[in-house]
file run30.cif (mmCIF, C-alpha atoms)
data_structure
#
loop_
_atom_site.label_atom_id
_atom_site.label_comp_id
_atom_site.auth_asym_id
_atom_site.auth_seq_id
_atom_site.Cartn_x
_atom_site.Cartn_y
_atom_site.Cartn_z
CA MET A 1 157.10 72.46 82.05
CA THR A 2 158.02 68.90 81.29
CA ARG A 3 156.52 65.91 82.99
CA GLU A 4 158.83 63.37 84.33
CA THR A 5 157.57 59.88 84.84
CA LEU A 6 157.32 58.85 88.45
CA GLN A 7 159.54 55.87 89.16
CA ILE A 8 157.64 53.58 91.54
CA PRO A 9 159.58 50.56 92.85
CA GLU A 10 158.45 47.12 91.68
CA PRO A 11 157.25 45.83 95.14
CA CYS A 12 155.08 48.99 95.58
CA THR A 13 153.59 48.52 92.10
CA ARG A 14 152.62 44.89 92.85
CA ALA A 15 151.15 45.87 96.28
CA LEU A 16 149.09 48.72 94.81
CA ALA A 17 147.78 46.44 92.06
CA ALA A 18 146.70 43.90 94.71
CA VAL A 19 145.00 46.69 96.76
CA GLU A 20 143.12 47.83 93.64
CA ALA A 21 141.93 44.29 93.01
CA ASP A 22 140.67 43.69 96.58
CA PRO A 23 141.31 46.45 99.12
CA LEU A 24 140.09 44.43 102.14
CA SER A 25 142.24 41.31 101.55
CA PRO A 26 145.02 42.12 99.07
CA GLY A 27 147.03 38.95 99.80
CA ALA A 28 149.85 37.84 102.12
CA GLU A 29 152.70 39.33 100.09
CA ALA A 30 150.91 42.74 99.78
CA GLU A 31 150.07 42.67 103.53
CA ARG A 32 153.80 42.22 104.38
CA HIS A 33 154.73 45.09 102.07
CA LEU A 34 152.02 47.37 103.51
CA ARG A 35 153.42 46.85 107.04
CA THR A 36 156.86 48.09 105.96
CA CYS A 37 155.93 50.82 103.39
CA PRO A 38 154.03 53.78 104.89
CA ALA A 39 153.30 55.32 101.47
CA CYS A 40 151.52 52.20 100.23
CA ALA A 41 149.65 51.81 103.55
CA GLU A 42 148.39 55.38 103.22
CA ALA A 43 147.37 54.71 99.61
CA ARG A 44 145.36 51.67 100.80
CA VAL A 45 143.60 53.77 103.46
CA LEU A 46 142.75 56.46 100.87
CA PHE A 47 141.50 53.79 98.47
CA LEU A 48 139.25 52.30 101.16
CA ALA A 49 137.93 55.77 102.05
CA GLN A 50 136.84 56.26 98.44
CA ASP A 51 134.86 53.04 98.41
CA GLU A 52 131.16 53.80 98.44
CA ALA A 53 129.19 52.29 101.27
CA PRO A 54 125.46 51.64 100.82
CA ASP A 55 123.13 54.15 102.44
CA ALA A 56 121.89 53.21 105.87
CA LEU A 57 118.23 52.33 105.87
CA ALA A 58 115.91 53.97 108.37
CA PRO A 59 113.77 51.70 110.54
CA ALA A 60 110.11 51.36 109.62
CA GLY A 61 108.04 54.35 110.80
CA TYR A 62 111.14 56.43 111.63
CA HIS A 63 110.04 59.45 109.60
CA ASP A 64 106.41 59.14 110.76
CA ARG A 65 107.37 59.37 114.45
CA LEU A 66 110.06 62.04 113.98
CA PRO A 67 107.85 65.14 114.67
CA ASP A 68 106.51 63.62 117.90
CA ARG A 69 109.99 62.72 119.07
CA LEU A 70 111.26 66.23 118.36
CA LEU A 71 108.32 67.82 120.19
CA GLY A 72 108.94 65.50 123.13
CA LYS A 73 112.50 66.82 123.44
CA LEU A 74 111.42 70.47 123.53
CA PRO A 75 110.77 72.06 126.94
CA ALA A 76 107.12 72.25 128.01
CA ARG A 77 105.46 75.61 127.48
CA PRO A 78 103.14 76.89 130.21
CA SER A 79 99.56 77.37 129.06
CA TRP A 80 98.96 80.76 130.74
CA SER A 81 102.02 82.75 131.61
CA ARG A 82 102.18 86.00 133.49
CA SER A 83 102.61 87.97 130.26
CA HIS A 84 99.39 86.49 128.82
CA LEU A 85 97.45 87.40 131.96
CA HIS A 86 98.99 90.89 131.93
CA GLY A 87 97.85 91.47 128.33
CA LEU A 88 94.42 90.08 129.09
CA ALA A 89 94.06 92.46 132.04
CA TRP A 90 94.94 95.44 129.84
CA ALA A 91 92.41 94.35 127.22
CA ALA A 92 89.68 94.01 129.87
CA ALA A 93 90.51 97.45 131.25
CA ALA A 94 90.29 98.98 127.76
CA VAL A 95 86.89 97.35 127.11
CA LEU A 96 85.59 98.56 130.48
CA LEU A 97 86.81 102.10 129.81
CA MET A 98 85.14 102.15 126.39
CA ALA A 99 81.86 100.85 127.85
CA VAL A 100 81.82 103.51 130.60
CA GLY A 101 82.70 106.25 128.12
CA ALA A 102 80.00 105.21 125.66
CA GLY A 103 77.42 104.93 128.45
CA ALA A 104 78.27 108.37 129.77
CA PHE A 105 78.09 109.83 126.27
CA TRP A 106 74.64 108.37 125.57
CA ALA A 107 73.37 109.30 129.03
CA GLY A 108 74.44 112.89 128.43
CA ARG A 109 72.68 112.95 125.09
CA ALA A 110 69.46 111.61 126.61
CA ASN A 111 69.26 114.28 129.33
CA ARG A 112 70.26 117.20 127.16
CA THR A 113 67.78 120.10 126.94
CA PRO A 114 66.31 120.54 123.48
CA LEU A 115 67.67 123.33 121.33
CA VAL A 116 64.21 124.61 120.34
CA GLU A 117 61.35 124.76 122.83
CA ALA A 118 57.73 125.22 121.92
CA SER A 119 56.14 128.28 123.56
CA LEU A 120 52.96 130.29 123.25
CA PRO A 121 53.07 133.59 121.42
CA LYS A 122 53.47 136.61 123.69
CA PRO A 123 50.50 138.87 124.15
CA ALA A 124 50.57 142.08 122.14
CA ASP A 125 50.69 144.41 125.17
CA THR A 126 54.01 142.98 126.40
CA VAL A 127 55.81 143.19 123.07
CA GLU A 128 58.63 145.67 123.24
CA VAL A 129 59.73 147.51 120.20
CA THR A 130 63.47 147.62 119.92
CA VAL A 131 65.36 149.54 117.37
CA PRO A 132 68.46 147.65 116.34
CA GLU A 133 71.62 149.61 116.51
CA GLU A 134 73.36 149.97 113.28
CA PRO A 135 77.00 149.29 114.03
CA PHE A 136 78.51 151.38 111.25
CA HIS A 137 75.85 154.09 110.97
CA ASP A 138 77.26 157.57 110.80
CA ARG A 139 75.09 159.95 112.85
CA ASP A 140 76.76 162.99 111.33
CA GLU A 141 75.09 162.25 108.00
CA GLU A 142 71.64 162.76 109.52
CA ALA A 143 72.69 166.05 111.07
CA ALA A 144 74.13 167.18 107.73
CA GLN A 145 70.85 166.34 105.98
CA VAL A 146 68.86 168.36 108.55
CA GLN A 147 71.10 171.37 108.03
CA THR A 148 70.49 171.33 104.29
CA LEU A 149 66.67 171.50 104.69
CA SER A 150 64.81 174.67 103.94
CA ALA A 151 62.83 176.44 106.69
CA SER A 152 59.46 175.09 105.51
CA ASP A 153 60.79 171.53 105.27
CA MET A 154 62.29 171.86 108.78
CA LYS A 155 58.87 172.91 110.22
CA ALA A 156 57.14 169.95 108.53
CA LEU A 157 59.77 167.57 109.97
CA LEU A 158 59.31 168.91 113.50
CA LYS A 159 55.50 168.56 113.25
CA GLN A 160 55.90 164.98 112.10
CA MET A 161 58.20 164.19 115.03
CA ASP A 162 55.80 165.75 117.57
CA ALA A 163 52.84 163.73 116.31
CA PRO A 164 52.13 160.55 118.38
CA ALA A 165 53.26 157.29 116.80
CA PRO A 166 50.44 155.07 115.52
CA ALA A 167 49.82 151.94 117.63
CA ARG A 168 51.09 148.72 116.17
CA ARG A 169 49.13 145.54 116.09
#

call {"tool": "encode", "arguments": {"input": "run30.cif", "output": "structure tokens"}}
result
Amino acid sequence: MTRETLQIPEPCTRALAAVEADPLSPGAEAERHLRTCPACAEARVLFLAQDEAPDALAPAGYHDRLPDRLLGKLPARPSWSRSHLHGLAWAAAAVLLMAVGAGAFWAGRANRTPLVEASLPKPADTVEVTVPEEPFHDRDEEAAQVQTLSASDMKALLKQMDAPAPARR
């Protein structure tokens, strides 16, 4: 691609040179040309837009008072809203329920009967002798053993069973 030189007319070249020298007051001849040539007038506007303006200075104390001014523009917040009171009521109810539950628990523990009570030993005449039942004892075994005894052993067993049991202390 070849570059062709852009042919700018001589009056436009002089006007643009005057705008580059002083964009605010380019001169009477350049002012007349800028009124008739829209391309050069647009170039002057673009040149002025590129000119750097100094930064605006903030008044003294502007940044110090900024947070207070912003907070002043925000809507006021109520101190105790209905939702806060609602949450506070639930918290109070929970504390009350825990206090009643703990009090009832400790009161129940205080009035509970002891597991082991002290008592005097029973007199010997009221003691009953109980024979514990053996849950898996086979009674047929005893009968089988009796059947295997000889006649003299059987008589000795019967005499022993008829004899009174000795008294226990």

call {"tool": "closest_residue", "arguments": {"input": "run30.cif", "among": "A:Leu115, A:Pro11, A:Gln160, A:Val45", "to": "Glu29 in chain A", "atoms": "all atoms listed in the file"}}
result
A:Pro11

call {"tool": "atom_distance", "arguments": {"input": "run30.cif", "atom1": "CA of Asp55 in chain A", "atom2": "CA of Arg69 in chain A"}}
result
22.9 Å

call {"tool": "closest_residue", "arguments": {"input": "run30.cif", "among": "A:Pro23, A:Pro67, A:Gly87, A:Pro166", "to": "Leu48 in chain A", "atoms": "all atoms listed in the file"}}
result
A:Pro23

call {"tool": "atom_distance", "arguments": {"input": "run30.cif", "atom1": "CA of Val19 in chain A", "atom2": "CA of Glu31 in chain A"}}
result
9.4 Å

call {"tool": "atom_distance", "arguments": {"input": "run30.cif", "atom1": "CA of Leu34 in chain A", "atom2": "CA of Ala21 in chain A"}}
result
14.9 Å

call {"tool": "closest_residue", "arguments": {"input": "run30.cif", "among": "A:Thr36, A:Phe47, A:Val116, A:Leu88", "to": "Leu24 in chain A", "atoms": "only C-alpha atoms"}}
result
A:Phe47

call {"tool": "closest_residue", "arguments": {"input": "run30.cif", "among": "A:Gly27, A:Ala56, A:Leu16, A:Gly108", "to": "Arg44 in chain A", "atoms": "only C-alpha atoms"}}
result
A:Leu16
